[in-house]
$ cat entry.cif   # mmCIF, N, CA and C atoms and all ligand atoms
data_target
#
loop_
_atom_site.label_atom_id
_atom_site.label_comp_id
_atom_site.auth_asym_id
_atom_site.auth_seq_id
_atom_site.Cartn_x
_atom_site.Cartn_y
_atom_site.Cartn_z
N MET A 2 -46.13 -68.85 29.19
CA MET A 2 -45.17 -67.89 29.78
C MET A 2 -45.92 -66.61 30.13
N THR A 3 -45.79 -66.21 31.36
CA THR A 3 -46.56 -65.05 31.82
C THR A 3 -45.79 -63.73 31.70
N HIS A 4 -44.45 -63.80 31.59
CA HIS A 4 -43.70 -62.54 31.53
C HIS A 4 -43.70 -61.99 30.11
N ASN A 5 -43.38 -60.73 30.03
CA ASN A 5 -43.18 -60.12 28.73
C ASN A 5 -41.73 -60.36 28.31
N PHE A 6 -41.57 -61.23 27.30
CA PHE A 6 -40.22 -61.68 26.95
C PHE A 6 -39.34 -60.54 26.42
N GLU A 7 -39.96 -59.54 25.78
CA GLU A 7 -39.17 -58.40 25.29
C GLU A 7 -38.50 -57.66 26.46
N ASN A 8 -39.25 -57.48 27.55
CA ASN A 8 -38.68 -56.83 28.74
C ASN A 8 -37.57 -57.66 29.33
N ILE A 9 -37.78 -58.97 29.38
CA ILE A 9 -36.77 -59.87 29.94
C ILE A 9 -35.50 -59.77 29.10
N LYS A 10 -35.64 -59.80 27.79
CA LYS A 10 -34.47 -59.72 26.89
C LYS A 10 -33.68 -58.45 27.14
N GLN A 11 -34.43 -57.36 27.34
CA GLN A 11 -33.80 -56.08 27.58
C GLN A 11 -33.01 -56.10 28.90
N ARG A 12 -33.61 -56.71 29.91
CA ARG A 12 -32.93 -56.78 31.21
C ARG A 12 -31.70 -57.68 31.16
N VAL A 13 -31.79 -58.78 30.41
CA VAL A 13 -30.65 -59.70 30.27
C VAL A 13 -29.50 -58.97 29.58
N ARG A 14 -29.84 -58.20 28.54
CA ARG A 14 -28.84 -57.45 27.78
C ARG A 14 -28.15 -56.42 28.69
N GLN A 15 -28.97 -55.74 29.49
CA GLN A 15 -28.45 -54.71 30.37
C GLN A 15 -27.55 -55.31 31.46
N ARG A 16 -28.03 -56.40 32.04
CA ARG A 16 -27.27 -57.07 33.10
C ARG A 16 -25.90 -57.51 32.60
N ALA A 17 -25.84 -57.90 31.32
CA ALA A 17 -24.58 -58.39 30.73
C ALA A 17 -23.67 -57.24 30.30
N GLY A 18 -24.14 -56.01 30.46
CA GLY A 18 -23.35 -54.88 30.01
C GLY A 18 -23.18 -54.89 28.49
N ASN A 19 -24.15 -55.52 27.80
CA ASN A 19 -24.14 -55.58 26.34
C ASN A 19 -22.94 -56.36 25.79
N ARG A 20 -22.46 -57.31 26.60
CA ARG A 20 -21.36 -58.18 26.18
C ARG A 20 -21.80 -59.64 26.18
N CYS A 21 -21.19 -60.44 25.30
CA CYS A 21 -21.34 -61.89 25.39
C CYS A 21 -20.78 -62.31 26.74
N GLU A 22 -21.53 -63.11 27.49
CA GLU A 22 -21.09 -63.46 28.84
C GLU A 22 -20.08 -64.61 28.84
N TYR A 23 -19.76 -65.16 27.66
CA TYR A 23 -18.74 -66.20 27.57
C TYR A 23 -17.42 -65.63 27.06
N CYS A 24 -17.45 -64.97 25.89
CA CYS A 24 -16.18 -64.48 25.31
C CYS A 24 -16.00 -62.98 25.54
N LEU A 25 -17.02 -62.33 26.12
CA LEU A 25 -16.98 -60.92 26.50
C LEU A 25 -16.92 -59.94 25.34
N CYS A 26 -17.22 -60.40 24.12
CA CYS A 26 -17.24 -59.43 23.01
C CYS A 26 -18.39 -58.46 23.22
N HIS A 27 -18.16 -57.21 22.89
CA HIS A 27 -19.16 -56.15 23.11
C HIS A 27 -20.02 -55.97 21.86
N GLN A 28 -21.29 -55.68 22.10
CA GLN A 28 -22.22 -55.49 20.98
C GLN A 28 -21.72 -54.43 19.98
N ASP A 29 -21.03 -53.43 20.48
CA ASP A 29 -20.57 -52.36 19.59
C ASP A 29 -19.51 -52.82 18.58
N TYR A 30 -18.92 -54.01 18.82
CA TYR A 30 -17.82 -54.46 17.95
C TYR A 30 -18.19 -55.67 17.10
N VAL A 31 -19.45 -56.13 17.18
CA VAL A 31 -19.85 -57.24 16.31
C VAL A 31 -21.08 -56.83 15.50
N MET A 32 -21.18 -57.36 14.28
CA MET A 32 -22.26 -56.99 13.38
C MET A 32 -23.59 -57.61 13.79
N GLY A 33 -23.57 -58.90 14.19
CA GLY A 33 -24.82 -59.58 14.54
C GLY A 33 -25.27 -59.21 15.94
N TRP A 34 -26.58 -59.30 16.18
CA TRP A 34 -27.09 -59.04 17.52
C TRP A 34 -26.62 -60.13 18.48
N LEU A 35 -26.20 -59.73 19.66
CA LEU A 35 -25.95 -60.70 20.71
C LEU A 35 -27.30 -61.33 21.06
N GLN A 36 -27.29 -62.62 21.35
CA GLN A 36 -28.52 -63.38 21.49
C GLN A 36 -28.77 -63.81 22.93
N ILE A 37 -30.03 -64.11 23.19
CA ILE A 37 -30.38 -64.62 24.52
C ILE A 37 -30.14 -66.13 24.53
N ASP A 38 -29.28 -66.56 25.43
CA ASP A 38 -28.93 -67.98 25.54
C ASP A 38 -29.53 -68.54 26.82
N HIS A 39 -30.05 -69.76 26.74
CA HIS A 39 -30.48 -70.48 27.94
C HIS A 39 -29.25 -71.20 28.50
N VAL A 40 -28.83 -70.87 29.71
CA VAL A 40 -27.65 -71.49 30.31
C VAL A 40 -27.87 -73.01 30.32
N ILE A 41 -28.98 -73.45 30.91
CA ILE A 41 -29.45 -74.83 30.76
C ILE A 41 -30.48 -74.79 29.64
N PRO A 42 -30.21 -75.49 28.53
CA PRO A 42 -31.11 -75.37 27.38
C PRO A 42 -32.52 -75.85 27.68
N THR A 43 -33.49 -75.30 26.94
CA THR A 43 -34.89 -75.68 27.16
C THR A 43 -35.10 -77.17 26.90
N VAL A 44 -34.35 -77.75 25.96
CA VAL A 44 -34.50 -79.19 25.70
C VAL A 44 -34.03 -80.03 26.89
N LYS A 45 -33.25 -79.42 27.79
CA LYS A 45 -32.85 -80.13 29.01
C LYS A 45 -33.58 -79.55 30.22
N ASP A 46 -34.78 -79.03 29.95
CA ASP A 46 -35.68 -78.51 30.99
C ASP A 46 -35.20 -77.22 31.63
N GLY A 47 -34.31 -76.49 30.97
CA GLY A 47 -33.93 -75.16 31.45
C GLY A 47 -35.12 -74.22 31.32
N SER A 48 -35.26 -73.32 32.27
CA SER A 48 -36.44 -72.43 32.27
C SER A 48 -36.15 -71.14 31.50
N ASP A 49 -37.22 -70.35 31.31
CA ASP A 49 -37.11 -69.04 30.67
C ASP A 49 -36.87 -67.95 31.71
N ASP A 50 -36.62 -68.33 32.97
CA ASP A 50 -36.36 -67.34 34.02
C ASP A 50 -35.07 -66.60 33.72
N GLU A 51 -35.02 -65.36 34.16
CA GLU A 51 -33.81 -64.56 33.96
C GLU A 51 -32.59 -65.23 34.58
N ASP A 52 -32.86 -66.01 35.60
CA ASP A 52 -31.83 -66.75 36.30
C ASP A 52 -31.17 -67.82 35.43
N ASN A 53 -31.84 -68.18 34.34
CA ASN A 53 -31.28 -69.20 33.43
C ASN A 53 -30.92 -68.59 32.08
N LEU A 54 -30.93 -67.26 31.98
CA LEU A 54 -30.65 -66.63 30.69
C LEU A 54 -29.35 -65.84 30.76
N CYS A 55 -28.67 -65.79 29.62
CA CYS A 55 -27.49 -64.93 29.54
C CYS A 55 -27.41 -64.39 28.12
N LEU A 56 -26.51 -63.45 27.93
CA LEU A 56 -26.32 -62.86 26.61
C LEU A 56 -25.12 -63.56 25.97
N ALA A 57 -25.26 -63.95 24.71
CA ALA A 57 -24.17 -64.67 24.04
C ALA A 57 -24.08 -64.23 22.59
N CYS A 58 -22.84 -64.19 22.09
CA CYS A 58 -22.64 -63.86 20.68
C CYS A 58 -23.04 -65.07 19.83
N GLU A 59 -23.12 -64.86 18.54
CA GLU A 59 -23.54 -65.93 17.64
C GLU A 59 -22.62 -67.14 17.74
N PHE A 60 -21.32 -66.89 17.79
CA PHE A 60 -20.34 -67.98 17.89
C PHE A 60 -20.58 -68.82 19.14
N CYS A 61 -20.59 -68.14 20.28
CA CYS A 61 -20.71 -68.87 21.55
C CYS A 61 -22.03 -69.60 21.63
N ASN A 62 -23.09 -68.93 21.20
CA ASN A 62 -24.42 -69.54 21.23
C ASN A 62 -24.47 -70.77 20.34
N GLN A 63 -23.89 -70.65 19.17
CA GLN A 63 -23.92 -71.73 18.19
C GLN A 63 -23.06 -72.91 18.66
N TYR A 64 -21.88 -72.65 19.16
CA TYR A 64 -21.01 -73.74 19.59
C TYR A 64 -21.50 -74.37 20.89
N LYS A 65 -22.15 -73.59 21.73
CA LYS A 65 -22.68 -74.14 22.98
C LYS A 65 -23.86 -75.06 22.69
N TRP A 66 -24.75 -74.60 21.79
CA TRP A 66 -25.89 -75.38 21.34
C TRP A 66 -26.64 -75.96 22.53
N THR A 67 -26.72 -77.28 22.69
CA THR A 67 -27.44 -77.83 23.84
C THR A 67 -26.47 -78.43 24.87
N LYS A 68 -25.19 -78.07 24.74
CA LYS A 68 -24.21 -78.63 25.67
C LYS A 68 -24.38 -78.03 27.08
N THR A 69 -24.16 -78.85 28.07
CA THR A 69 -24.11 -78.36 29.45
C THR A 69 -22.82 -78.82 30.13
N ASP A 70 -22.14 -79.79 29.52
CA ASP A 70 -20.92 -80.35 30.09
C ASP A 70 -19.91 -80.55 28.97
N SER A 71 -18.64 -80.62 29.34
CA SER A 71 -17.62 -80.95 28.35
C SER A 71 -16.38 -81.48 29.08
N VAL A 72 -15.39 -81.89 28.29
CA VAL A 72 -14.21 -82.53 28.89
C VAL A 72 -13.13 -81.49 29.17
N ASP A 73 -12.60 -81.52 30.39
CA ASP A 73 -11.44 -80.70 30.72
C ASP A 73 -10.22 -81.35 30.05
N PRO A 74 -9.56 -80.65 29.13
CA PRO A 74 -8.45 -81.27 28.39
C PRO A 74 -7.28 -81.65 29.30
N GLN A 75 -7.20 -81.07 30.46
CA GLN A 75 -6.07 -81.37 31.36
C GLN A 75 -6.28 -82.68 32.13
N SER A 76 -7.48 -82.87 32.67
CA SER A 76 -7.74 -84.05 33.50
C SER A 76 -8.48 -85.15 32.74
N GLY A 77 -9.08 -84.80 31.60
CA GLY A 77 -9.91 -85.76 30.87
C GLY A 77 -11.27 -85.99 31.50
N GLN A 78 -11.58 -85.24 32.55
CA GLN A 78 -12.86 -85.40 33.26
C GLN A 78 -13.96 -84.56 32.61
N TRP A 79 -15.19 -85.10 32.63
CA TRP A 79 -16.35 -84.31 32.21
C TRP A 79 -16.69 -83.33 33.33
N VAL A 80 -16.89 -82.09 32.98
CA VAL A 80 -17.25 -81.08 33.96
C VAL A 80 -18.35 -80.19 33.37
N PRO A 81 -19.11 -79.52 34.25
CA PRO A 81 -20.13 -78.61 33.72
C PRO A 81 -19.47 -77.42 33.02
N LEU A 82 -20.17 -76.86 32.02
CA LEU A 82 -19.68 -75.65 31.37
C LEU A 82 -19.83 -74.47 32.33
N PHE A 83 -19.07 -73.42 32.03
CA PHE A 83 -19.16 -72.17 32.78
C PHE A 83 -20.60 -71.68 32.80
N ASN A 84 -21.06 -71.30 33.99
CA ASN A 84 -22.41 -70.76 34.16
C ASN A 84 -22.30 -69.29 34.56
N PRO A 85 -22.57 -68.39 33.62
CA PRO A 85 -22.40 -66.96 33.91
C PRO A 85 -23.31 -66.43 35.02
N ARG A 86 -24.38 -67.18 35.34
CA ARG A 86 -25.27 -66.76 36.42
C ARG A 86 -24.72 -67.12 37.79
N ARG A 87 -23.97 -68.23 37.85
CA ARG A 87 -23.52 -68.74 39.16
C ARG A 87 -22.04 -68.50 39.40
N GLN A 88 -21.30 -68.23 38.34
CA GLN A 88 -19.84 -68.19 38.47
C GLN A 88 -19.28 -66.90 37.90
N SER A 89 -18.08 -66.54 38.36
CA SER A 89 -17.49 -65.30 37.87
C SER A 89 -16.46 -65.60 36.77
N TRP A 90 -16.52 -64.80 35.72
CA TRP A 90 -15.66 -65.00 34.55
C TRP A 90 -14.20 -65.02 34.98
N ALA A 91 -13.83 -64.04 35.80
CA ALA A 91 -12.41 -63.87 36.14
C ALA A 91 -11.86 -65.03 36.97
N GLU A 92 -12.78 -65.76 37.61
CA GLU A 92 -12.34 -66.90 38.41
C GLU A 92 -11.98 -68.09 37.50
N HIS A 93 -12.63 -68.16 36.35
CA HIS A 93 -12.47 -69.32 35.47
C HIS A 93 -11.66 -69.04 34.21
N PHE A 94 -11.51 -67.75 33.86
CA PHE A 94 -10.80 -67.40 32.62
C PHE A 94 -9.89 -66.21 32.85
N SER A 95 -8.92 -66.09 31.96
CA SER A 95 -8.18 -64.84 31.89
C SER A 95 -7.80 -64.63 30.43
N TRP A 96 -7.30 -63.45 30.13
CA TRP A 96 -6.81 -63.16 28.78
C TRP A 96 -5.36 -63.60 28.69
N SER A 97 -4.95 -64.08 27.53
CA SER A 97 -3.54 -64.36 27.28
C SER A 97 -2.79 -63.03 27.33
N LYS A 98 -1.47 -63.13 27.35
CA LYS A 98 -0.66 -61.92 27.47
C LYS A 98 -1.00 -60.90 26.37
N SER A 99 -1.19 -61.38 25.17
CA SER A 99 -1.51 -60.47 24.06
C SER A 99 -2.95 -59.98 24.14
N GLY A 100 -3.80 -60.73 24.85
CA GLY A 100 -5.22 -60.39 24.94
C GLY A 100 -6.06 -61.06 23.87
N ALA A 101 -5.41 -61.74 22.93
CA ALA A 101 -6.16 -62.31 21.80
C ALA A 101 -6.82 -63.64 22.14
N GLU A 102 -6.29 -64.33 23.17
CA GLU A 102 -6.83 -65.64 23.51
C GLU A 102 -7.41 -65.66 24.92
N ILE A 103 -8.39 -66.55 25.11
CA ILE A 103 -8.97 -66.76 26.43
C ILE A 103 -8.34 -68.02 27.02
N ILE A 104 -7.80 -67.88 28.21
CA ILE A 104 -7.16 -68.99 28.90
C ILE A 104 -8.13 -69.53 29.95
N GLY A 105 -8.34 -70.84 29.97
CA GLY A 105 -9.14 -71.46 31.03
C GLY A 105 -8.27 -71.66 32.26
N LEU A 106 -8.71 -71.14 33.40
CA LEU A 106 -7.91 -71.23 34.63
C LEU A 106 -8.29 -72.45 35.47
N THR A 107 -9.49 -72.96 35.23
CA THR A 107 -10.01 -74.07 36.03
C THR A 107 -10.48 -75.16 35.07
N ALA A 108 -10.87 -76.30 35.61
CA ALA A 108 -11.41 -77.38 34.76
C ALA A 108 -12.62 -76.86 33.98
N ILE A 109 -13.49 -76.12 34.67
CA ILE A 109 -14.68 -75.55 34.01
C ILE A 109 -14.27 -74.57 32.92
N GLY A 110 -13.30 -73.73 33.24
CA GLY A 110 -12.83 -72.75 32.26
C GLY A 110 -12.21 -73.43 31.04
N ARG A 111 -11.34 -74.41 31.27
CA ARG A 111 -10.68 -75.11 30.16
C ARG A 111 -11.68 -75.85 29.29
N ALA A 112 -12.64 -76.54 29.92
CA ALA A 112 -13.65 -77.28 29.16
C ALA A 112 -14.51 -76.33 28.34
N THR A 113 -14.80 -75.16 28.90
CA THR A 113 -15.65 -74.19 28.19
C THR A 113 -14.91 -73.57 27.01
N VAL A 114 -13.62 -73.31 27.19
CA VAL A 114 -12.81 -72.76 26.08
C VAL A 114 -12.89 -73.70 24.88
N ILE A 115 -12.78 -75.01 25.14
CA ILE A 115 -12.81 -76.00 24.06
C ILE A 115 -14.22 -76.13 23.48
N ALA A 116 -15.21 -76.33 24.37
CA ALA A 116 -16.58 -76.61 23.91
C ALA A 116 -17.15 -75.45 23.11
N LEU A 117 -16.89 -74.22 23.53
CA LEU A 117 -17.44 -73.05 22.84
C LEU A 117 -16.46 -72.47 21.82
N ARG A 118 -15.33 -73.17 21.63
CA ARG A 118 -14.29 -72.74 20.67
C ARG A 118 -14.01 -71.25 20.82
N LEU A 119 -13.76 -70.87 22.07
CA LEU A 119 -13.57 -69.44 22.37
C LEU A 119 -12.35 -68.87 21.67
N ASN A 120 -11.42 -69.75 21.27
CA ASN A 120 -10.23 -69.27 20.56
C ASN A 120 -10.22 -69.75 19.12
N ASN A 121 -11.38 -69.76 18.49
CA ASN A 121 -11.39 -70.15 17.07
C ASN A 121 -10.64 -69.10 16.25
N ALA A 122 -10.18 -69.51 15.07
CA ALA A 122 -9.26 -68.68 14.29
C ALA A 122 -9.83 -67.29 13.98
N LEU A 123 -11.12 -67.25 13.67
CA LEU A 123 -11.72 -65.95 13.34
C LEU A 123 -11.78 -65.05 14.58
N ALA A 124 -12.14 -65.65 15.72
CA ALA A 124 -12.21 -64.86 16.96
C ALA A 124 -10.84 -64.25 17.26
N ILE A 125 -9.79 -65.01 17.06
CA ILE A 125 -8.45 -64.51 17.36
C ILE A 125 -8.07 -63.38 16.41
N THR A 126 -8.40 -63.54 15.14
CA THR A 126 -8.10 -62.47 14.16
C THR A 126 -8.85 -61.20 14.53
N VAL A 127 -10.13 -61.35 14.84
CA VAL A 127 -10.96 -60.19 15.17
C VAL A 127 -10.45 -59.52 16.44
N ARG A 128 -10.14 -60.33 17.47
CA ARG A 128 -9.63 -59.75 18.72
C ARG A 128 -8.32 -59.02 18.48
N GLN A 129 -7.49 -59.60 17.62
CA GLN A 129 -6.20 -58.95 17.31
C GLN A 129 -6.46 -57.56 16.72
N ASN A 130 -7.46 -57.47 15.85
CA ASN A 130 -7.80 -56.17 15.27
C ASN A 130 -8.34 -55.22 16.33
N TRP A 131 -9.12 -55.74 17.28
CA TRP A 131 -9.63 -54.90 18.37
C TRP A 131 -8.47 -54.40 19.23
N ILE A 132 -7.50 -55.27 19.45
CA ILE A 132 -6.33 -54.86 20.24
C ILE A 132 -5.62 -53.72 19.51
N ASN A 133 -5.44 -53.89 18.21
CA ASN A 133 -4.78 -52.84 17.42
C ASN A 133 -5.56 -51.53 17.48
N ALA A 134 -6.88 -51.65 17.57
CA ALA A 134 -7.73 -50.45 17.62
C ALA A 134 -7.82 -49.86 19.03
N GLY A 135 -7.31 -50.61 20.03
CA GLY A 135 -7.38 -50.14 21.41
C GLY A 135 -8.71 -50.44 22.08
N TRP A 136 -9.46 -51.41 21.57
CA TRP A 136 -10.78 -51.75 22.11
C TRP A 136 -10.76 -52.96 23.02
N HIS A 137 -9.64 -53.61 23.17
CA HIS A 137 -9.62 -54.95 23.76
C HIS A 137 -8.26 -55.17 24.42
N PRO A 138 -8.16 -55.97 25.50
CA PRO A 138 -9.26 -56.71 26.15
C PRO A 138 -10.00 -55.83 27.15
N PRO A 139 -11.27 -56.19 27.43
CA PRO A 139 -12.03 -55.43 28.42
C PRO A 139 -11.51 -55.73 29.83
N VAL A 140 -11.73 -54.80 30.71
CA VAL A 140 -11.40 -55.02 32.13
C VAL A 140 -12.51 -55.88 32.72
N VAL A 141 -12.14 -56.96 33.39
CA VAL A 141 -13.13 -57.88 33.94
C VAL A 141 -13.18 -57.79 35.44
N LYS A 142 -14.43 -57.75 35.95
CA LYS A 142 -14.60 -57.71 37.41
C LYS A 142 -14.42 -59.12 37.97
ZN ZN A 201 -19.14 -64.97 22.69
#
$ encode --input "entry.cif" --output "structure tokens"
Amino acid sequence: MTHNFENIKQRVRQRAGNRCEYCLCHQDYVMGWLQIDHVIPTVKDGSDDEDNLCLACEFCNQYKWTKTDSVDPQSGQWVPLFNPRRQSWAEHFSWSKSGAEIIGLTAIGRATVIALRLNNALAITVRQNWINAGWHPPVVK
């Protein structure tokens, strides 16, 4: 690898606005460092280019693991997971009325909500507390 990975990490973090690019949690509201995720994992020949990197919280990174596809619960079809480099969050997801849950708007969005467990019980509890504190949900472009 010829690039300086520390610089790349910094640029990925900045580009993401210091938020997980899947569940949009902000670094200021989570204890663990948001991590650099390979959109296409290295075990599936994903590169270290910035074009294949995104920022992800521990939950999203851990649940995504080496997945690149998952089942849309509505159609039962296998579809690719949300790609934060190629796709816009707002096109595939929205916040529930309360803001505590992430709703998948498309097959990709629905499959990603399930695969990355974006609405796991702890995430919902934490988001509820952020809502009470006035920190959530973020405005999405
Ligand atoms: Zn996340």
$ residues_near_ligand --input "entry.cif" --ligand "ligand ZN 201 (chain A)" --cutoff "7 Å" --atoms "all atoms listed in the file" --output "PyMOL selection string"
chain A and resi 20-26+56-62
$ select_by_dssp --input "entry.cif" --residues "chain A" --states "strand (DSSP E or B)" --output "PyMOL selection string"
chain A and resi 20+27+36-39+54-57+70-72+79-81+94-96+103-105
$ closest_residue --input "entry.cif" --among "A:Trp66, A:Phe83, A:Lys10, A:Leu54" --to "Val114 (chain A)" --atoms "only N, CA and C atoms"
A:Phe83
$ closest_residue --input "entry.cif" --among "A:Ala108, A:Ala116, A:Ile125, A:Val44" --to "Asp73 (chain A)" --atoms "only N, CA and C atoms"
A:Ala108
$ select_by_dssp --input "entry.cif" --residues "region 12-141 of chain A" --states "alpha helix (DSSP H)" --output "CSV table (one decimal) with N, CA and C atoms, in the coordinates of the input"
chain,number,residue,atom,x,y,z
A,12,ARG,N,-33.6,-56.7,29.9
A,12,ARG,CA,-32.9,-56.8,31.2
A,12,ARG,C,-31.7,-57.7,31.2
A,13,VAL,N,-31.8,-58.8,30.4
A,13,VAL,CA,-30.6,-59.7,30.3
A,13,VAL,C,-29.5,-59.0,29.6
A,14,ARG,N,-29.8,-58.2,28.5
A,14,ARG,CA,-28.8,-57.4,27.8
A,14,ARG,C,-28.2,-56.4,28.7
A,15,GLN,N,-29.0,-55.7,29.5
A,15,GLN,CA,-28.4,-54.7,30.4
A,15,GLN,C,-27.6,-55.3,31.5
A,16,ARG,N,-28.0,-56.4,32.0
A,16,ARG,CA,-27.3,-57.1,33.1
A,16,ARG,C,-25.9,-57.5,32.6
A,59,GLU,N,-23.1,-64.9,18.5
A,59,GLU,CA,-23.5,-65.9,17.6
A,59,GLU,C,-22.6,-67.1,17.7
A,60,PHE,N,-21.3,-66.9,17.8
A,60,PHE,CA,-20.3,-68.0,17.9
A,60,PHE,C,-20.6,-68.8,19.1
A,61,CYS,N,-20.6,-68.1,20.3
A,61,CYS,CA,-20.7,-68.9,21.6
A,61,CYS,C,-22.0,-69.6,21.6
A,62,ASN,N,-23.1,-68.9,21.2
A,62,ASN,CA,-24.4,-69.5,21.2
A,62,ASN,C,-24.5,-70.8,20.3
A,63,GLN,N,-23.9,-70.6,19.2
A,63,GLN,CA,-23.9,-71.7,18.2
A,63,GLN,C,-23.1,-72.9,18.7
A,64,TYR,N,-21.9,-72.6,19.2
A,64,TYR,CA,-21.0,-73.7,19.6
A,64,TYR,C,-21.5,-74.4,20.9
A,65,LYS,N,-22.2,-73.6,21.7
A,65,LYS,CA,-22.7,-74.1,23.0
A,65,LYS,C,-23.9,-75.1,22.7
A,90,TRP,N,-16.5,-64.8,35.7
A,90,TRP,CA,-15.7,-65.0,34.6
A,90,TRP,C,-14.2,-65.0,35.0
A,91,ALA,N,-13.8,-64.0,35.8
A,91,ALA,CA,-12.4,-63.9,36.1
A,91,ALA,C,-11.9,-65.0,37.0
A,92,GLU,N,-12.8,-65.8,37.6
A,92,GLU,CA,-12.3,-66.9,38.4
A,92,GLU,C,-12.0,-68.1,37.5
A,93,HIS,N,-12.6,-68.2,36.4
A,93,HIS,CA,-12.5,-69.3,35.5
A,93,HIS,C,-11.7,-69.0,34.2
A,108,ALA,N,-10.9,-76.3,35.6
A,108,ALA,CA,-11.4,-77.4,34.8
A,108,ALA,C,-12.6,-76.9,34.0
A,109,ILE,N,-13.5,-76.1,34.7
A,109,ILE,CA,-14.7,-75.6,34.0
A,109,ILE,C,-14.3,-74.6,32.9
A,110,GLY,N,-13.3,-73.7,33.2
A,110,GLY,CA,-12.8,-72.8,32.3
A,110,GLY,C,-12.2,-73.4,31.0
A,111,ARG,N,-11.3,-74.4,31.3
A,111,ARG,CA,-10.7,-75.1,30.2
A,111,ARG,C,-11.7,-75.8,29.3
A,112,ALA,N,-12.6,-76.5,29.9
A,112,ALA,CA,-13.6,-77.3,29.2
A,112,ALA,C,-14.5,-76.3,28.3
A,113,THR,N,-14.8,-75.2,28.9
A,113,THR,CA,-15.6,-74.2,28.2
A,113,THR,C,-14.9,-73.6,27.0
A,114,VAL,N,-13.6,-73.3,27.2
A,114,VAL,CA,-12.8,-72.8,26.1
A,114,VAL,C,-12.9,-73.7,24.9
A,115,ILE,N,-12.8,-75.0,25.1
A,115,ILE,CA,-12.8,-76.0,24.1
A,115,ILE,C,-14.2,-76.1,23.5
A,116,ALA,N,-15.2,-76.3,24.4
A,116,ALA,CA,-16.6,-76.6,23.9
A,116,ALA,C,-17.2,-75.4,23.1
A,122,ALA,N,-10.2,-69.5,15.1
A,122,ALA,CA,-9.3,-68.7,14.3
A,122,ALA,C,-9.8,-67.3,14.0
A,123,LEU,N,-11.1,-67.2,13.7
A,123,LEU,CA,-11.7,-66.0,13.3
A,123,LEU,C,-11.8,-65.0,14.6
A,124,ALA,N,-12.1,-65.6,15.7
A,124,ALA,CA,-12.2,-64.9,17.0
A,124,ALA,C,-10.8,-64.2,17.3
A,125,ILE,N,-9.8,-65.0,17.1
A,125,ILE,CA,-8.4,-64.5,17.4
A,125,ILE,C,-8.1,-63.4,16.4
A,126,THR,N,-8.4,-63.5,15.1
A,126,THR,CA,-8.1,-62.5,14.2
A,126,THR,C,-8.8,-61.2,14.5
A,127,VAL,N,-10.1,-61.4,14.8
A,127,VAL,CA,-11.0,-60.2,15.2
A,127,VAL,C,-10.4,-59.5,16.4
A,128,ARG,N,-10.1,-60.3,17.5
A,128,ARG,CA,-9.6,-59.8,18.7
A,128,ARG,C,-8.3,-59.0,18.5
A,129,GLN,N,-7.5,-59.6,17.6
A,129,GLN,CA,-6.2,-59.0,17.3
A,129,GLN,C,-6.5,-57.6,16.7
A,130,ASN,N,-7.5,-57.5,15.8
A,130,ASN,CA,-7.8,-56.2,15.3
A,130,ASN,C,-8.3,-55.2,16.3
A,131,TRP,N,-9.1,-55.7,17.3
A,131,TRP,CA,-9.6,-54.9,18.4
A,131,TRP,C,-8.5,-54.4,19.2
A,132,ILE,N,-7.5,-55.3,19.4
A,132,ILE,CA,-6.3,-54.9,20.2
A,132,ILE,C,-5.6,-53.7,19.5
A,133,ASN,N,-5.4,-53.9,18.2
A,133,ASN,CA,-4.8,-52.8,17.4
A,133,ASN,C,-5.6,-51.5,17.5
A,134,ALA,N,-6.9,-51.6,17.6
A,134,ALA,CA,-7.7,-50.4,17.6
A,134,ALA,C,-7.8,-49.9,19.0
$ residues_near_point --input "entry.cif" --point "(-26.1, -67.0, 36.3)" --cutoff "7 Å" --atoms "all atoms listed in the file" --output "MDAnalysis selection string"
chainID A and resid 51:54 84:88
$ closest_residue --input "entry.cif" --among "A:Ala134, A:Val127, A:Leu35, A:Asp49" --to "Asn19 (chain A)" --atoms "all atoms listed in the file"
A:Leu35
